[in-house]
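**Student:** Data file model.txt (compact mmCIF, C-alpha atoms) is appended below.
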```txt
# COMPACT_ATOMS: atom_id res chain seq x y z
CA MET A 1 5.50 -14.84 8.58
CA ALA A 2 3.58 -17.30 6.42
CA LYS A 3 3.26 -18.24 2.74
CA ALA A 4 6.68 -17.14 1.49
CA VAL A 5 10.33 -17.49 2.40
CA ARG A 6 11.91 -14.30 3.67
CA ARG A 7 14.70 -12.96 1.51
CA GLN A 8 17.88 -11.63 3.06
CA ALA A 9 18.55 -7.89 2.92
CA SER A 10 21.12 -6.65 0.45
CA ALA A 11 24.69 -7.26 1.47
CA GLY A 12 26.05 -4.53 3.70
CA ARG A 13 22.63 -3.09 4.57
CA SER A 14 20.37 -3.69 7.51
CA ALA A 15 16.93 -5.04 6.79
CA ARG A 16 14.41 -2.21 6.60
CA LEU A 17 11.94 -3.25 9.29
CA ALA A 18 9.19 -1.42 11.16
CA GLN A 19 6.52 -2.08 13.71
CA VAL A 20 3.59 0.30 14.37
CA ARG A 21 0.56 0.05 16.63
CA ARG A 22 -2.44 2.39 16.65
CA LYS A 23 -5.24 2.19 19.20
CA THR A 24 -8.31 4.44 19.28
CA LYS A 25 -11.87 4.09 20.55
CA GLU A 26 -12.77 2.89 17.05
CA THR A 27 -9.96 0.52 16.09
CA GLU A 28 -6.84 -1.28 17.23
CA VAL A 29 -4.32 -1.98 14.48
CA SER A 30 -0.82 -3.43 14.67
CA VAL A 31 1.58 -4.06 11.82
CA ARG A 32 5.07 -5.45 11.35
CA LEU A 33 6.71 -5.27 7.95
CA ASN A 34 9.97 -5.86 6.16
CA LEU A 35 10.57 -3.85 3.00
CA ASP A 36 13.30 -6.30 1.98
CA GLY A 37 11.12 -9.38 2.27
CA ALA A 38 9.70 -11.90 -0.16
CA GLY A 39 6.01 -11.07 -0.05
CA ALA A 40 5.09 -13.14 3.00
CA TYR A 41 1.84 -12.11 4.62
CA ARG A 42 -0.45 -12.72 7.54
CA VAL A 43 -3.43 -10.40 7.45
CA ALA A 44 -6.54 -10.31 9.63
CA THR A 45 -8.75 -7.22 9.55
CA GLY A 46 -12.17 -8.76 10.03
CA ILE A 47 -13.09 -7.60 6.51
CA GLY A 48 -12.62 -10.42 4.01
CA PHE A 49 -12.28 -8.32 0.88
CA LEU A 50 -9.79 -5.96 2.51
CA ASP A 51 -7.71 -8.94 3.65
CA HIS A 52 -7.61 -10.14 0.04
CA MET A 53 -6.40 -6.75 -1.21
CA LEU A 54 -3.70 -6.40 1.45
CA GLU A 55 -2.47 -9.90 0.67
CA GLN A 56 -2.12 -8.83 -2.97
CA LEU A 57 -0.23 -5.72 -1.85
CA ALA A 58 2.27 -7.78 0.14
CA ARG A 59 2.72 -10.54 -2.42
CA HIS A 60 3.36 -8.28 -5.40
CA SER A 61 5.49 -5.67 -3.60
CA LEU A 62 7.67 -8.34 -1.93
CA ILE A 63 7.03 -6.59 1.39
CA ASP A 64 6.57 -9.02 4.27
CA LEU A 65 3.42 -7.90 6.06
CA ASP A 66 2.00 -9.06 9.38
CA LEU A 67 -1.16 -7.10 10.22
CA ALA A 68 -3.93 -7.54 12.75
CA ALA A 69 -6.87 -5.18 13.12
CA LYS A 70 -9.99 -5.04 15.25
CA GLY A 71 -12.55 -2.35 14.68
CA ASP A 72 -16.15 -1.25 14.96
CA THR A 73 -17.27 -3.20 11.89
CA HIS A 74 -20.68 -3.62 13.51
CA ILE A 75 -21.16 0.03 12.48
CA ASP A 76 -19.46 -0.19 9.09
CA CYS A 77 -16.02 -0.85 7.60
CA HIS A 78 -14.91 2.77 7.30
CA HIS A 79 -12.73 3.15 10.41
CA THR A 80 -10.97 -0.20 10.04
CA THR A 81 -10.29 0.39 6.34
CA GLU A 82 -8.90 3.89 6.86
CA ASP A 83 -6.82 2.98 9.91
CA THR A 84 -5.16 0.01 8.22
CA GLY A 85 -4.09 2.40 5.46
CA ILE A 86 -2.70 4.82 8.04
CA VAL A 87 -0.75 2.18 9.97
CA ILE A 88 0.71 0.43 6.92
CA GLY A 89 1.73 3.83 5.55
CA GLN A 90 3.33 4.82 8.85
CA ALA A 91 5.26 1.55 8.93
CA VAL A 92 6.51 2.03 5.36
CA ALA A 93 7.68 5.56 6.21
CA LYS A 94 9.39 4.35 9.37
CA ALA A 95 11.16 1.49 7.59
CA LEU A 96 12.36 3.83 4.82
CA GLY A 97 14.05 6.15 7.32
CA THR A 98 15.91 8.89 5.44
CA ARG A 99 14.99 7.20 2.14
CA ALA A 100 18.64 7.19 1.12
CA GLY A 101 19.51 4.93 -1.78
CA ILE A 102 15.98 4.27 -3.02
CA ARG A 103 14.99 4.61 -6.66
CA ARG A 104 12.17 6.91 -5.47
CA TYR A 105 9.90 6.63 -8.52
CA GLY A 106 7.81 3.69 -9.65
CA ALA A 107 5.09 2.98 -12.18
CA ALA A 108 3.03 0.03 -13.34
CA GLU A 109 0.26 -0.78 -15.76
CA ILE A 110 -1.73 -3.77 -14.57
CA PRO A 111 -4.03 -5.73 -16.90
CA MET A 112 -6.62 -7.98 -15.29
CA ASP A 113 -8.81 -9.61 -17.91
CA GLU A 114 -10.92 -6.74 -19.36
CA THR A 115 -9.44 -4.17 -16.96
CA LEU A 116 -6.33 -1.98 -17.25
CA THR A 117 -5.12 0.30 -14.46
CA ARG A 118 -2.15 2.65 -14.37
CA VAL A 119 -0.30 3.55 -11.15
CA ALA A 120 2.59 6.00 -10.78
CA LEU A 121 4.19 7.16 -7.55
CA ASP A 122 6.95 9.23 -6.03
CA VAL A 123 8.26 8.34 -2.56
CA SER A 124 8.89 12.03 -2.02
CA ASN A 125 7.60 12.71 1.51
CA ARG A 126 5.06 14.99 -0.20
CA PRO A 127 1.81 13.06 0.17
CA TYR A 128 -0.82 13.48 -2.51
CA LEU A 129 -3.44 11.26 -4.12
CA ILE A 130 -4.92 11.49 -7.59
CA TRP A 131 -7.75 8.94 -7.82
CA LYS A 132 -9.42 8.41 -11.20
CA VAL A 133 -11.35 5.24 -10.47
CA LYS A 134 -15.10 4.68 -10.73
CA PHE A 135 -17.19 1.72 -9.69
CA SER A 136 -20.57 0.59 -10.98
CA LYS A 137 -21.53 -1.19 -7.74
CA PRO A 138 -21.86 0.30 -4.25
CA ARG A 139 -20.39 -2.73 -2.47
CA LEU A 140 -17.84 -5.52 -2.89
CA GLY A 141 -18.16 -8.21 -0.25
CA ASP A 142 -18.46 -6.42 3.09
CA MET A 143 -17.03 -3.15 1.79
CA ASP A 144 -18.55 -0.03 0.33
CA THR A 145 -16.62 0.70 -2.85
CA GLU A 146 -16.18 4.35 -1.80
CA LEU A 147 -13.88 3.09 0.98
CA PHE A 148 -11.12 2.11 -1.42
CA LYS A 149 -10.29 5.76 -2.09
CA GLU A 150 -10.21 6.30 1.69
CA TRP A 151 -7.65 3.48 2.07
CA PHE A 152 -5.35 4.82 -0.66
CA GLN A 153 -5.65 8.38 0.67
CA ALA A 154 -4.76 7.25 4.19
CA PHE A 155 -1.83 5.17 2.95
CA ALA A 156 -0.38 7.90 0.72
CA GLN A 157 -0.67 10.51 3.46
CA ALA A 158 0.93 8.36 6.15
CA ALA A 159 3.68 6.96 3.92
CA GLY A 160 4.62 10.33 2.43
CA ILE A 161 3.95 9.25 -1.14
CA THR A 162 2.63 11.11 -4.16
CA LEU A 163 0.30 8.51 -5.67
CA HIS A 164 -1.58 8.63 -8.97
CA ILE A 165 -4.07 5.86 -9.77
CA GLU A 166 -6.13 5.77 -12.94
CA ASN A 167 -8.36 2.98 -14.15
CA LEU A 168 -8.11 3.27 -17.92
CA TYR A 169 -10.98 0.87 -18.58
CA GLY A 170 -12.75 -2.10 -17.08
CA GLU A 171 -16.15 -3.53 -16.23
CA ASN A 172 -15.73 -5.95 -13.35
CA ASN A 173 -15.49 -4.04 -10.07
CA HIS A 174 -13.41 -6.74 -8.38
CA HIS A 175 -10.89 -6.60 -11.22
CA ILE A 176 -10.79 -2.80 -11.09
CA VAL A 177 -9.94 -2.52 -7.40
CA GLU A 178 -7.58 -5.50 -7.41
CA SER A 179 -5.64 -3.98 -10.29
CA CYS A 180 -5.28 -0.80 -8.21
CA TYR A 181 -3.70 -2.69 -5.30
CA LYS A 182 -1.47 -4.77 -7.57
CA GLY A 183 -0.42 -1.60 -9.40
CA LEU A 184 0.48 0.06 -6.11
CA ALA A 185 2.43 -3.03 -5.12
CA ARG A 186 4.48 -3.22 -8.31
CA ALA A 187 5.17 0.52 -8.45
CA LEU A 188 6.11 0.59 -4.77
CA ARG A 189 8.45 -2.36 -5.26
CA GLN A 190 10.34 -0.36 -7.91
CA ALA A 191 10.42 2.87 -5.94
CA ILE A 192 11.72 1.52 -2.64
CA GLU A 193 14.32 -0.74 -4.21
CA ILE A 194 17.90 0.23 -3.42
CA ASP A 195 19.69 1.67 -6.44
CA PRO A 196 23.21 0.18 -6.51
CA ARG A 197 24.53 3.27 -8.29
CA GLN A 198 23.60 5.55 -5.38
CA SER A 199 23.05 3.23 -2.45
CA SER A 200 23.85 5.87 0.17
CA ALA A 201 22.55 9.02 -1.53
CA VAL A 202 19.15 10.61 -1.06
CA PRO A 203 17.59 10.92 -4.55
CA SER A 204 16.94 14.67 -4.41
CA THR A 205 18.94 17.81 -5.17
CA LYS A 206 17.70 19.11 -1.80
CA GLY A 207 19.55 16.32 -0.03
CA THR A 208 16.50 15.18 1.94
CA LEU A 209 13.22 13.40 1.35
CA GLY A 210 12.05 12.07 4.66
CA SER A 211 12.72 11.81 8.35
CA SER A 212 14.79 9.21 10.17
CA LEU A 213 11.90 7.97 12.32
```
Would you mind writing the file out in structure tokens?
**Tutor:**
Amino acid sequence: MAKAVRRQASAGRSARLAQVRRKTKETEVSVRLNLDGAGAYRVATGIGFLDHMLEQLARHSLIDLDLAAKGDTHIDCHHTTEDTGIVIGQAVAKALGTRAGIRRYGAAEIPMDETLTRVALDVSNRPYLIWKVKFSKPRLGDMDTELFKEWFQAFAQAAGITLHIENLYGENNHHIVESCYKGLARALRQAIEIDPRQSSAVPSTKGTLGSSL
């Protein structure tokens, strides 16, 4: 992987790695990731603005991400956007396994010039999205701005994450959406980090959060 040096997994634990491939008549997406990485990334979706956002996600979460996608962008960007969210989410869920030892919860408030966005999440295996984000423009680069909600919905559903995103204020649409991805990254980094005080325990009184896929 490019643009960062991979960090070694915590002593005594295997690196949390996953590889997922999804092929339909609309898209073909493959991803490899390492939850215990250093934020290295190689991203190619055919959608420039989406590439930029996924690079931010990798860099600020410290998840190494290698993703390639081909889709029917001659129609629009909807299928490629949604399917990258699905596949990255599936890979995160797979790499987490039983979710034992994780901190589970994460939150971040991300300022970006005039913009402030709040993100809170629970890696609970109960997917849900609260999206309180509005845009004043219909498009950013090649993307319809309505597609950003579709990406976060697909990711939360596939990863098994309860995800709340609220843009508190802001004017620049680029800043607003980038602060959403950076907020997800920083909150996810907290939540999936191994808690040294309970490194082998599932953080739930039920004793289970996810599967061991």
**Student:** Ranking A:Asp64, A:Asp83, A:Asp51, A:Asp76 by minimum distance to Lys23 of chain A and counting all atoms listed in the file, which one comes first?
**Tutor:**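 Among the listed residues, A:Asp83 lies closest to Lys23 of chain A.
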**Student:** Just checking: using all atoms listed in the file, which residue out of A:Gly160, A:Val177, A:Glu109, A:Gln90 ends up closest to Arg126 of chain A?
**Tutor:**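 Between A:Gly160, A:Val177, A:Glu109, A:Gln90, the residue approaching Arg126 of chain A most closely is A:Gly160.
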**Student:** May I have the residues within 12 Å of Lys149 of chain A as a ChimeraX atom specification, using all atoms listed in the file and disregarding those fewer than 4 positions away in the same chain?
**Tutor:** /A:78,81-82,85,129-135,143-145,153-156,163-166,177,180-181
**Student:** Go through A:Ile63, A:Ile161, A:Leu147, A:Val20 and flag the residue nearest Gly39 of chain A, using all atoms listed in the file for the distances.
**Tutor:**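 Between A:Ile63, A:Ile161, A:Leu147, A:Val20, the residue approaching Gly39 of chain A most closely is A:Ile63.
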**Student:** Name the residues in contact with segment 94-107 of chain A at a cut-off of 8 Å, using only C-alpha atoms, excluding same-chain residues fewer than 3 positions from it; report them as a ChimeraX atom specification.
**Tutor:** /A:16-18,34-35,90-91,118-124,183,186-196,198-203,208-213
**Student:** Taking all atoms listed in the file into account, name the residue in A:Ala158, A:Ile75, A:Met112, A:Ala185 that is nearest to Asn172 of chain A.
**Tutor:**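 For Asn172 of chain A, the nearest of the given residues is A:Met112.
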**Student:** So, with all atoms listed in the file as the atoms that count, which of A:Leu140, A:Ile88, A:Cys77, A:Leu62 lies closest to Ala38 of chain A?
**Tutor:** A:Leu62
**Student:** Nearest to Ser179 of chain A: which of A:Leu67, A:Ile47, A:Met53, A:Val87 is it, counting all atoms listed in the file?
**Tutor:**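 Closest residue, counting all atoms listed in the file: A:Met53.
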**Student:** Return segment 81-105 of chain A, completed with N, CA, C and O atoms, as a PDB file, in the coordinates of the input.
**Tutor:**
```
ATOM      1  N   THR A  81     -10.940   0.219   7.648  1.00  0.00           N
ATOM      2  CA  THR A  81     -10.290   0.390   6.340  1.00  0.00           C
ATOM      3  C   THR A  81      -9.300   1.548   6.374  1.00  0.00           C
ATOM      4  O   THR A  81      -8.131   1.414   5.989  1.00  0.00           O
ATOM      5  N   GLU A  82      -9.757   2.698   6.830  1.00  0.00           N
ATOM      6  CA  GLU A  82      -8.900   3.890   6.860  1.00  0.00           C
ATOM      7  C   GLU A  82      -7.695   3.687   7.776  1.00  0.00           C
ATOM      8  O   GLU A  82      -6.559   4.041   7.415  1.00  0.00           O
ATOM      9  N   ASP A  83      -7.913   3.107   8.938  1.00  0.00           N
ATOM     10  CA  ASP A  83      -6.820   2.980   9.910  1.00  0.00           C
ATOM     11  C   ASP A  83      -5.784   1.952   9.488  1.00  0.00           C
ATOM     12  O   ASP A  83      -4.600   2.101   9.816  1.00  0.00           O
ATOM     13  N   THR A  84      -6.181   0.917   8.746  1.00  0.00           N
ATOM     14  CA  THR A  84      -5.160   0.010   8.220  1.00  0.00           C
ATOM     15  C   THR A  84      -4.285   0.727   7.195  1.00  0.00           C
ATOM     16  O   THR A  84      -3.065   0.514   7.139  1.00  0.00           O
ATOM     17  N   GLY A  85      -4.884   1.605   6.389  1.00  0.00           N
ATOM     18  CA  GLY A  85      -4.090   2.400   5.460  1.00  0.00           C
ATOM     19  C   GLY A  85      -3.109   3.310   6.173  1.00  0.00           C
ATOM     20  O   GLY A  85      -1.944   3.428   5.783  1.00  0.00           O
ATOM     21  N   ILE A  86      -3.575   3.933   7.252  1.00  0.00           N
ATOM     22  CA  ILE A  86      -2.700   4.820   8.040  1.00  0.00           C
ATOM     23  C   ILE A  86      -1.530   4.037   8.618  1.00  0.00           C
ATOM     24  O   ILE A  86      -0.365   4.445   8.494  1.00  0.00           O
ATOM     25  N   VAL A  87      -1.801   2.908   9.247  1.00  0.00           N
ATOM     26  CA  VAL A  87      -0.750   2.180   9.970  1.00  0.00           C
ATOM     27  C   VAL A  87       0.242   1.538   9.008  1.00  0.00           C
ATOM     28  O   VAL A  87       1.462   1.567   9.253  1.00  0.00           O
ATOM     29  N   ILE A  88      -0.234   0.982   7.913  1.00  0.00           N
ATOM     30  CA  ILE A  88       0.710   0.430   6.920  1.00  0.00           C
ATOM     31  C   ILE A  88       1.567   1.554   6.354  1.00  0.00           C
ATOM     32  O   ILE A  88       2.787   1.407   6.194  1.00  0.00           O
ATOM     33  N   GLY A  89       0.960   2.691   6.054  1.00  0.00           N
ATOM     34  CA  GLY A  89       1.730   3.830   5.550  1.00  0.00           C
ATOM     35  C   GLY A  89       2.761   4.312   6.550  1.00  0.00           C
ATOM     36  O   GLY A  89       3.914   4.603   6.185  1.00  0.00           O
ATOM     37  N   GLN A  90       2.382   4.411   7.822  1.00  0.00           N
ATOM     38  CA  GLN A  90       3.330   4.820   8.850  1.00  0.00           C
ATOM     39  C   GLN A  90       4.498   3.838   8.951  1.00  0.00           C
ATOM     40  O   GLN A  90       5.655   4.249   9.132  1.00  0.00           O
ATOM     41  N   ALA A  91       4.204   2.559   8.839  1.00  0.00           N
ATOM     42  CA  ALA A  91       5.260   1.550   8.930  1.00  0.00           C
ATOM     43  C   ALA A  91       6.205   1.631   7.737  1.00  0.00           C
ATOM     44  O   ALA A  91       7.427   1.489   7.883  1.00  0.00           O
ATOM     45  N   VAL A  92       5.649   1.862   6.544  1.00  0.00           N
ATOM     46  CA  VAL A  92       6.510   2.030   5.360  1.00  0.00           C
ATOM     47  C   VAL A  92       7.423   3.237   5.543  1.00  0.00           C
ATOM     48  O   VAL A  92       8.635   3.160   5.292  1.00  0.00           O
ATOM     49  N   ALA A  93       6.872   4.361   5.993  1.00  0.00           N
ATOM     50  CA  ALA A  93       7.680   5.560   6.210  1.00  0.00           C
ATOM     51  C   ALA A  93       8.769   5.317   7.246  1.00  0.00           C
ATOM     52  O   ALA A  93       9.925   5.753   7.086  1.00  0.00           O
ATOM     53  N   LYS A  94       8.414   4.634   8.310  1.00  0.00           N
ATOM     54  CA  LYS A  94       9.390   4.350   9.370  1.00  0.00           C
ATOM     55  C   LYS A  94      10.502   3.447   8.869  1.00  0.00           C
ATOM     56  O   LYS A  94      11.687   3.681   9.149  1.00  0.00           O
ATOM     57  N   ALA A  95      10.150   2.420   8.109  1.00  0.00           N
ATOM     58  CA  ALA A  95      11.160   1.490   7.590  1.00  0.00           C
ATOM     59  C   ALA A  95      12.068   2.155   6.562  1.00  0.00           C
ATOM     60  O   ALA A  95      13.244   1.810   6.445  1.00  0.00           O
ATOM     61  N   LEU A  96      11.552   3.127   5.822  1.00  0.00           N
ATOM     62  CA  LEU A  96      12.360   3.830   4.820  1.00  0.00           C
ATOM     63  C   LEU A  96      13.391   4.759   5.456  1.00  0.00           C
ATOM     64  O   LEU A  96      14.426   5.037   4.856  1.00  0.00           O
ATOM     65  N   GLY A  97      13.111   5.252   6.648  1.00  0.00           N
ATOM     66  CA  GLY A  97      14.050   6.150   7.320  1.00  0.00           C
ATOM     67  C   GLY A  97      14.309   7.399   6.503  1.00  0.00           C
ATOM     68  O   GLY A  97      13.373   8.096   6.093  1.00  0.00           O
ATOM     69  N   THR A  98      15.556   7.705   6.215  1.00  0.00           N
ATOM     70  CA  THR A  98      15.910   8.890   5.440  1.00  0.00           C
ATOM     71  C   THR A  98      15.614   8.734   3.952  1.00  0.00           C
ATOM     72  O   THR A  98      15.737   9.688   3.195  1.00  0.00           O
ATOM     73  N   ARG A  99      15.282   7.525   3.533  1.00  0.00           N
ATOM     74  CA  ARG A  99      14.990   7.200   2.140  1.00  0.00           C
ATOM     75  C   ARG A  99      16.232   7.238   1.260  1.00  0.00           C
ATOM     76  O   ARG A  99      16.150   7.304   0.030  1.00  0.00           O
ATOM     77  N   ALA A 100      17.380   7.194   1.875  1.00  0.00           N
ATOM     78  CA  ALA A 100      18.640   7.190   1.120  1.00  0.00           C
ATOM     79  C   ALA A 100      18.742   5.912   0.302  1.00  0.00           C
ATOM     80  O   ALA A 100      18.432   4.819   0.766  1.00  0.00           O
ATOM     81  N   GLY A 101      19.209   6.068  -0.936  1.00  0.00           N
ATOM     82  CA  GLY A 101      19.510   4.930  -1.780  1.00  0.00           C
ATOM     83  C   GLY A 101      18.340   4.385  -2.578  1.00  0.00           C
ATOM     84  O   GLY A 101      18.541   3.542  -3.459  1.00  0.00           O
ATOM     85  N   ILE A 102      17.121   4.830  -2.302  1.00  0.00           N
ATOM     86  CA  ILE A 102      15.980   4.270  -3.020  1.00  0.00           C
ATOM     87  C   ILE A 102      15.894   4.842  -4.432  1.00  0.00           C
ATOM     88  O   ILE A 102      16.404   5.923  -4.719  1.00  0.00           O
ATOM     89  N   ARG A 103      15.197   4.115  -5.297  1.00  0.00           N
ATOM     90  CA  ARG A 103      14.990   4.610  -6.660  1.00  0.00           C
ATOM     91  C   ARG A 103      13.994   5.759  -6.697  1.00  0.00           C
ATOM     92  O   ARG A 103      13.992   6.550  -7.625  1.00  0.00           O
ATOM     93  N   ARG A 104      13.124   5.820  -5.720  1.00  0.00           N
ATOM     94  CA  ARG A 104      12.170   6.910  -5.470  1.00  0.00           C
ATOM     95  C   ARG A 104      10.925   6.847  -6.340  1.00  0.00           C
ATOM     96  O   ARG A 104       9.820   7.003  -5.830  1.00  0.00           O
ATOM     97  N   TYR A 105      11.049   6.645  -7.630  1.00  0.00           N
ATOM     98  CA  TYR A 105       9.900   6.630  -8.520  1.00  0.00           C
ATOM     99  C   TYR A 105       9.550   5.204  -8.939  1.00  0.00           C
ATOM    100  O   TYR A 105      10.431   4.356  -9.089  1.00  0.00           O
TER     101      TYR A 105
END
```
